[in-house]
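Asker: Got a file for you: my_file.csv, CSV, C-alpha atoms and all ligand atoms.
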chain,number,residue,atom,x,y,z
A,1,LEU,CA,38.9,46.1,-73.5
A,2,ASP,CA,41.9,44.2,-74.7
A,3,LEU,CA,41.8,42.1,-77.8
A,4,ARG,CA,44.4,39.4,-78.1
A,5,GLY,CA,46.8,41.6,-76.3
A,6,SER,CA,46.1,44.6,-78.6
A,7,ARG,CA,44.3,47.9,-77.9
A,8,PRO,CA,41.3,48.5,-80.1
A,9,ILE,CA,41.3,51.4,-82.5
A,10,TYR,CA,37.6,52.2,-83.2
A,11,PHE,CA,37.5,53.3,-86.7
A,12,ASP,CA,34.9,54.9,-89.0
A,13,ILE,CA,35.0,56.9,-92.3
A,14,GLU,CA,32.5,59.3,-93.8
A,15,THR,CA,32.4,59.7,-97.6
A,16,THR,CA,30.4,61.6,-100.2
A,17,GLY,CA,28.9,58.3,-101.5
A,18,PHE,CA,29.5,54.5,-101.9
A,19,SER,CA,32.0,54.5,-104.8
A,20,GLY,CA,35.7,54.4,-104.0
A,21,ILE,CA,36.3,55.7,-107.5
A,22,GLU,CA,33.8,58.5,-107.9
A,23,ASP,CA,33.2,59.6,-104.4
A,24,ARG,CA,35.5,61.4,-101.9
A,25,LEU,CA,36.6,60.7,-98.4
A,26,ILE,CA,35.3,63.4,-96.1
A,27,CYS,CA,36.8,62.3,-92.8
A,28,VAL,CA,38.1,59.5,-90.7
A,29,VAL,CA,37.8,59.2,-87.0
A,30,ALA,CA,39.9,56.7,-85.0
A,31,LEU,CA,39.3,56.4,-81.3
A,32,GLN,CA,41.8,54.7,-79.1
A,33,GLY,CA,41.3,54.8,-75.3
A,34,HIS,CA,39.9,58.3,-74.9
A,35,HIS,CA,41.9,59.8,-77.7
A,36,PHE,CA,40.2,60.8,-81.0
A,37,SER,CA,42.3,61.2,-84.1
A,38,ILE,CA,40.6,63.0,-86.9
A,39,TYR,CA,41.8,62.9,-90.5
A,40,ARG,CA,40.3,64.8,-93.4
A,41,LYS,CA,42.7,63.7,-96.2
A,42,THR,CA,43.7,60.3,-97.3
A,43,ALA,CA,47.3,61.4,-97.3
A,44,GLU,CA,47.1,62.4,-93.7
A,45,LEU,CA,45.5,59.1,-92.7
A,46,ALA,CA,48.1,57.2,-94.8
A,47,GLU,CA,51.0,59.1,-93.1
A,48,ALA,CA,49.7,58.3,-89.6
A,49,PHE,CA,49.0,54.6,-90.3
A,50,LYS,CA,51.7,53.6,-92.7
A,51,GLN,CA,54.0,50.8,-91.6
A,52,GLY,CA,52.2,50.2,-88.3
A,53,GLY,CA,52.4,53.9,-87.2
A,54,VAL,CA,49.5,53.3,-84.9
A,55,SER,CA,49.5,50.2,-82.7
A,56,GLY,CA,46.4,48.3,-82.1
A,57,ILE,CA,43.6,46.3,-83.7
A,58,ILE,CA,41.2,48.2,-86.0
A,59,ILE,CA,37.6,47.7,-85.2
A,60,THR,CA,34.9,48.7,-87.6
A,61,TYR,CA,31.2,48.3,-88.2
A,62,ASN,CA,30.8,46.8,-91.6
A,63,GLY,CA,34.4,47.8,-92.5
A,64,GLU,CA,35.2,44.5,-94.2
A,65,ASN,CA,33.8,41.0,-93.8
A,66,TRP,CA,33.6,37.8,-95.8
A,67,GLN,CA,30.5,39.1,-97.6
A,68,SER,CA,31.2,42.8,-98.2
A,69,GLY,CA,31.9,45.8,-96.0
A,70,PHE,CA,32.6,49.4,-96.8
A,71,ASP,CA,35.3,51.4,-95.1
A,72,ILE,CA,38.3,49.3,-95.9
A,73,PRO,CA,37.5,48.5,-99.6
A,74,PHE,CA,36.7,52.2,-100.0
A,75,LEU,CA,40.1,53.2,-98.6
A,76,ARG,CA,41.9,50.6,-100.6
A,77,THR,CA,40.3,51.8,-103.8
A,78,VAL,CA,41.1,55.5,-103.0
A,79,SER,CA,44.7,54.6,-102.2
A,80,ILE,CA,45.1,52.8,-105.6
A,81,CYS,CA,43.4,55.6,-107.5
A,82,ASN,CA,45.7,58.2,-105.9
A,83,GLY,CA,48.9,56.2,-106.1
A,84,ILE,CA,49.3,56.0,-102.3
A,85,PRO,CA,50.9,52.8,-101.1
A,86,TRP,CA,48.4,50.7,-99.2
A,87,PHE,CA,48.7,52.1,-95.7
A,88,LEU,CA,46.6,49.7,-93.7
A,89,LYS,CA,48.5,46.7,-94.9
A,90,GLY,CA,49.4,44.3,-92.0
A,91,TYR,CA,47.0,45.9,-89.5
A,92,MET,CA,44.7,43.4,-87.7
A,93,HIS,CA,41.0,44.1,-88.1
A,94,LEU,CA,37.8,43.0,-86.6
A,95,ASP,CA,34.4,43.8,-88.2
A,96,LEU,CA,31.8,43.8,-85.5
A,97,TYR,CA,28.9,43.8,-88.0
A,98,PRO,CA,28.8,40.1,-88.9
A,99,LEU,CA,29.1,39.2,-85.3
A,100,ILE,CA,26.1,41.3,-84.4
A,101,THR,CA,24.0,39.8,-87.2
A,102,LYS,CA,24.9,36.3,-86.2
A,103,TYR,CA,24.9,36.4,-82.4
A,104,ILE,CA,22.7,39.3,-81.3
A,105,ASN,CA,19.0,39.3,-81.8
A,106,THR,CA,18.2,42.6,-83.3
A,107,CYS,CA,15.0,41.5,-85.0
A,108,LEU,CA,11.9,43.5,-84.6
A,109,TYR,CA,8.6,41.7,-85.2
A,110,THR,CA,5.6,43.7,-86.3
A,111,GLU,CA,2.2,42.4,-87.2
A,112,LYS,CA,1.1,43.6,-90.6
A,113,LEU,CA,-2.6,43.9,-90.7
A,114,PRO,CA,-4.7,43.1,-93.8
A,115,ALA,CA,-5.8,46.0,-95.9
A,116,ARG,CA,-9.5,46.7,-95.4
A,117,SER,CA,-10.0,46.6,-99.2
A,118,ARG,CA,-8.8,43.0,-99.2
A,119,LEU,CA,-11.5,41.9,-96.8
A,120,ARG,CA,-14.9,40.8,-97.8
A,121,LYS,CA,-18.1,40.5,-95.8
A,122,HIS,CA,-17.5,36.8,-95.1
A,123,ASP,CA,-14.0,37.6,-93.9
A,124,LEU,CA,-15.2,40.2,-91.4
A,125,LYS,CA,-18.0,37.9,-90.2
A,126,LYS,CA,-15.4,35.3,-89.4
A,127,LEU,CA,-13.2,37.9,-87.7
A,128,ALA,CA,-16.1,39.2,-85.7
A,129,PHE,CA,-17.0,35.8,-84.6
A,130,ALA,CA,-13.4,35.0,-83.6
A,131,ASN,CA,-13.3,38.3,-81.6
A,132,ASP,CA,-16.6,38.0,-79.9
A,133,ILE,CA,-18.1,41.1,-81.4
A,134,GLU,CA,-21.2,41.7,-83.4
A,135,TYR,CA,-20.9,42.0,-87.2
A,136,SER,CA,-22.5,45.2,-88.5
A,137,THR,CA,-21.0,46.4,-91.7
A,138,VAL,CA,-17.6,45.8,-93.3
A,139,GLY,CA,-16.4,49.3,-92.5
A,140,ASP,CA,-17.7,49.4,-88.9
A,141,THR,CA,-16.6,45.9,-88.0
A,142,PHE,CA,-13.1,46.6,-89.4
A,143,LYS,CA,-13.0,49.8,-87.3
A,144,HIS,CA,-14.0,47.8,-84.2
A,145,LEU,CA,-11.3,45.3,-84.8
A,146,LYS,CA,-8.7,48.0,-85.2
A,147,LYS,CA,-9.8,49.4,-81.9
A,148,LEU,CA,-9.4,46.0,-80.3
A,149,HIS,CA,-6.0,45.8,-82.0
A,150,GLU,CA,-4.8,49.1,-80.4
A,151,GLU,CA,-5.8,47.6,-77.1
A,152,GLY,CA,-3.7,44.6,-77.9
A,153,ARG,CA,-6.8,42.3,-77.9
A,154,ALA,CA,-7.5,41.6,-81.5
A,155,ASP,CA,-7.2,38.1,-83.1
A,156,TRP,CA,-6.7,38.5,-86.8
A,157,LEU,CA,-6.7,34.7,-87.4
A,158,ASP,CA,-4.4,34.2,-90.4
A,159,TYR,CA,-5.3,37.5,-92.0
A,160,SER,CA,-2.4,39.3,-90.5
A,161,LYS,CA,1.2,38.6,-91.3
A,162,VAL,CA,4.1,38.8,-88.8
A,163,LYS,CA,6.9,40.7,-90.4
A,164,ALA,CA,10.4,40.2,-89.1
A,165,GLU,CA,12.7,43.1,-89.8
A,166,ASP,CA,16.4,43.1,-89.0
A,167,LYS,CA,17.6,46.3,-87.5
A,168,ASN,CA,21.3,46.0,-87.9
A,169,SER,CA,22.7,49.5,-88.5
A,170,LEU,CA,25.1,50.7,-85.8
A,171,GLN,CA,22.6,53.3,-84.8
A,172,ASP,CA,19.8,50.8,-84.5
A,173,VAL,CA,21.8,48.4,-82.5
A,174,TYR,CA,23.2,51.1,-80.2
A,175,GLN,CA,19.7,52.5,-79.7
A,176,MET,CA,18.3,49.1,-78.9
A,177,LEU,CA,20.9,48.3,-76.4
A,178,PHE,CA,21.6,51.6,-74.7
A,179,ASP,CA,19.0,54.2,-75.7
A,180,PRO,CA,15.6,52.5,-76.1
A,181,GLU,CA,13.8,55.7,-75.7
A,182,GLY,CA,15.8,57.3,-78.5
A,183,SER,CA,16.6,60.3,-76.3
A,184,GLU,CA,20.0,60.9,-77.8
A,185,GLU,CA,20.6,62.8,-81.0
A,186,TYR,CA,21.0,60.8,-84.1
A,187,ILE,CA,22.1,62.0,-87.5
A,188,ASP,CA,21.1,59.7,-90.3
A,189,GLY,CA,24.3,58.5,-92.1
A,190,GLY,CA,22.4,58.8,-95.4
A,191,LYS,CA,22.3,62.6,-94.9
A,192,VAL,CA,26.1,62.9,-95.0
A,193,PRO,CA,26.4,63.6,-98.7
A,194,GLU,CA,23.7,66.3,-98.4
A,195,LEU,CA,25.5,67.9,-95.4
A,196,TYR,CA,28.7,67.8,-97.4
A,197,LYS,CA,27.1,69.7,-100.3
A,198,LYS,CA,26.0,72.4,-97.8
A,199,GLY,CA,29.5,72.5,-96.5
A,200,GLU,CA,28.6,71.4,-93.0
A,201,MET,CA,31.8,69.6,-92.3
A,202,GLU,CA,31.7,70.0,-88.6
A,203,THR,CA,28.4,68.3,-88.4
A,204,ILE,CA,29.8,65.4,-90.3
A,205,VAL,CA,32.9,65.1,-88.1
A,206,LYS,CA,30.6,65.2,-85.1
A,207,HIS,CA,28.5,62.4,-86.5
A,208,CYS,CA,31.6,60.3,-87.2
A,209,ARG,CA,32.9,60.9,-83.7
A,210,ARG,CA,29.6,59.9,-82.3
A,211,ASP,CA,29.6,56.7,-84.4
A,212,VAL,CA,33.0,55.6,-83.1
A,213,VAL,CA,31.9,56.3,-79.5
A,214,ARG,CA,28.8,54.1,-80.1
A,215,LEU,CA,30.9,51.5,-81.8
A,216,LYS,CA,33.1,51.3,-78.8
A,217,LYS,CA,30.2,51.0,-76.4
A,218,VAL,CA,28.5,48.3,-78.5
A,219,CYS,CA,31.7,46.4,-79.0
A,220,GLU,CA,32.6,46.4,-75.3
A,221,ALA,CA,29.2,45.1,-74.4
A,222,VAL,CA,28.9,42.5,-77.1
A,223,LEU,CA,32.4,41.0,-77.5
A,224,PRO,CA,32.3,39.3,-74.1
A,225,CYS,CA,29.3,37.4,-75.3
A,226,ILE,CA,30.8,36.2,-78.6
A,227,PRO,CA,32.4,32.7,-78.8
A,228,GLU,CA,36.2,32.7,-78.9
A,229,HIS,CA,36.4,30.7,-82.1
A,230,GLU,CA,34.4,33.4,-83.8
A,231,LEU,CA,36.7,36.1,-82.7
A,232,ASP,CA,39.7,34.0,-83.9
A,233,ARG,CA,37.9,33.8,-87.3
A,234,GLY,CA,36.9,37.4,-87.3
A,235,ILE,CA,40.3,39.0,-86.5
A,236,ARG,CA,42.1,39.2,-89.8
A,237,ASP,CA,45.0,41.1,-91.3
A,238,ILE,CA,44.0,43.8,-93.7
B,1,MN,MN,29.9,56.7,-89.7
Output the structure of this file as structure tokens.
Answerer:
Amino acid sequence: LDLRGSRPIYFDIETTGFSGIEDRLICVVALQGHHFSIYRKTAELAEAFKQGGVSGIIITYNGENWQSGFDIPFLRTVSICNGIPWFLKGYMHLDLYPLITKYINTCLYTEKLPARSRLRKHDLKKLAFANDIEYSTVGDTFKHLKKLHEEGRADWLDYSKVKAEDKNSLQDVYQMLFDPEGSEEYIDGGKVPELYKKGEMETIVKHCRRDVVRLKKVCEAVLPCIPEHELDRGIRDI
């Protein structure tokens, strides 16, 4: 993949939490081509990236966008707090996250059934009639409907609600597109602070490496489907 004549640098950070002031950077992984660079200290990262030391366009997942973003504001804050001149200044950046939410349908629809306690006798009579089954008791009729539901044959009239849930984390999107059976190993990003406390640094780095690999794969698949004007808008200097 070539973006506006630049090579993508897939970029992800892991931290002990969400605050650029109170929390610490654990590691940063940058993947360019097949080459991984791993940084464990802000100073190392700053040294490598300062004044365009790496050439290419930084790609993140929720790194920084018009609404929010995490990685880049976090690093900016850390650099200010530590008196390190802002080392990503002038780099071009594209955040894949807002493009996914806008252009890729990652919504999962689930039917939320009514609680049994909310249904009265007349409700179940109505439902029994609609489903062509005999009404017996509230409990048994409900059970019968549930059984039909499992077979995909129940009509809940307007007693059930369709719940739309956006699944937009990188792991969710990756899994939806490339691993629908969920056969690969996933480490929940929320577990990182816990792993850090236990000193499991290698697991965290492995997780971060895996994230940038997945980011690359999602990006390469999705970008060709994104309108050009949106890429023009999305690619910004940091
Ligand atoms: Mn990550």
Asker: May I ask you to write as a PyMOL selection string all residues lying at most 7 Å from ligand MN 1 (chain B), with all atoms listed in the file counted?
Answerer: chain A and resi 12-14+189+207-208+211
Asker: Nearest residue to A:Arg7 out of A:Ser19, A:Gln32, A:Gln67, A:Ser183, using only C-alpha atoms?
Answerer: A:Gln32
Asker: Residues near stretch 190-197 of chain A, anyone? I mean within 7 Å using all atoms listed in the file, not counting same-chain ones fewer than 6 positions away, as a list in words.
Answerer: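 Close residues of stretch 190-197 of chain A: Thr16, Gly17 and Ile204 of chain A.
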Asker: Would you mind telling me which residue in A:Lys143, A:Arg24, A:His93, A:Lys112 lies nearest to A:Thr60 when using only C-alpha atoms?
Answerer: A:His93
Asker: What is the distance between atom CA of A:Val162 and atom CA of A:Glu111, in Å to one decimal?
Answerer: 4.4 Å
Asker: Using all atoms listed in the file, which of A:Phe36, A:Tyr91, A:Tyr103, A:Trp66 sits nearest A:Leu223?
Answerer: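 Among A:Phe36, A:Tyr91, A:Tyr103, A:Trp66, it is A:Tyr103 that comes nearest to A:Leu223.
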Asker: Quick one: residues within 6 Å of A:Leu94, only C-alpha atoms counted, chain neighbours fewer than 2 positions away excluded, as a ChimeraX atom specification?
Answerer: /A:59,234-235
Asker: Determine the nearest neighbour of A:Leu170 from the options A:Glu47, A:Glu22, A:Glu151, A:Asp95, counting only C-alpha atoms.
Answerer: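 For A:Leu170, the nearest of the candidates is A:Asp95.
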Asker: Please indicate the distance in Å from atom CA of A:Val205 to atom CA of A:Glu220, rounded to one decimal place.
Answerer: 22.7 Å
Asker: Taking into account only C-alpha atoms, which residue in the set A:Arg120, A:Arg209, A:Thr42, A:Gly199 is nearest to A:Thr77?
Answerer: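 Comparing A:Arg120, A:Arg209, A:Thr42, A:Gly199 against A:Thr77, the winner is A:Thr42.
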Asker: Which residues, written as a ChimeraX atom specification, have at least one atom at most 6 Å from A:Gly63, with all atoms listed in the file counted and residues fewer than 5 positions away on the same chain left out?
Answerer: /A:69-72,95
Asker: Save the residues we just selected, C-alpha atoms, as a PDB file, in the frame of the given file?
Answerer:
ATOM      1  CA  GLY A  69      31.900  45.800 -96.000  1.00  0.00           C
ATOM      2  CA  PHE A  70      32.600  49.400 -96.800  1.00  0.00           C
ATOM      3  CA  ASP A  71      35.300  51.400 -95.100  1.00  0.00           C
ATOM      4  CA  ILE A  72      38.300  49.300 -95.900  1.00  0.00           C
ATOM      5  CA  ASP A  95      34.400  43.800 -88.200  1.00  0.00           C
TER       6      ASP A  95
END
Asker: For each of A:Leu25, A:Leu127, A:Leu145, A:Leu108, take the minimum atom-to-atom distance to A:Tyr39, counting all atoms listed in the file, then give the residue where this is smallest.
Answerer: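 Of all the options, A:Leu25 lies closest to A:Tyr39.
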Asker: Could you check how far atom CA of A:Lys161 sits from atom CA of A:Lys121, in Å to one decimal?
Answerer: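 Going from atom CA of A:Lys161 over to atom CA of A:Lys121 covers 19.9 Å.
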Asker: Find the residues around A:Arg153 up to 12 Å (only C-alpha atoms counted), leave out those fewer than 5 positions away in its own chain, and share them as number ranges by chain.
Answerer: A: 130-133, 144-148
Asker: Taking C-alpha atoms for each residue, export the selection above as an mmCIF file, in the coordinates of the input.
Answerer:
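Heads up, here's the output in again14.cif:
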data_model
loop_
_atom_site.group_PDB
_atom_site.id
_atom_site.type_symbol
_atom_site.label_atom_id
_atom_site.label_comp_id
_atom_site.auth_asym_id
_atom_site.auth_seq_id
_atom_site.Cartn_x
_atom_site.Cartn_y
_atom_site.Cartn_z
ATOM 1 C CA ALA A 130 -13.400 35.000 -83.600
ATOM 2 C CA ASN A 131 -13.300 38.300 -81.600
ATOM 3 C CA ASP A 132 -16.600 38.000 -79.900
ATOM 4 C CA ILE A 133 -18.100 41.100 -81.400
ATOM 5 C CA HIS A 144 -14.000 47.800 -84.200
ATOM 6 C CA LEU A 145 -11.300 45.300 -84.800
ATOM 7 C CA LYS A 146 -8.700 48.000 -85.200
ATOM 8 C CA LYS A 147 -9.800 49.400 -81.900
ATOM 9 C CA LEU A 148 -9.400 46.000 -80.300
#
Asker: Write out as a ChimeraX atom specification each polymer residue whose atoms come within 10 Å of A:Ala115, counting only C-alpha atoms; drop sequence neighbours fewer than 5 positions from it.
Answerer: /A:142,159-160
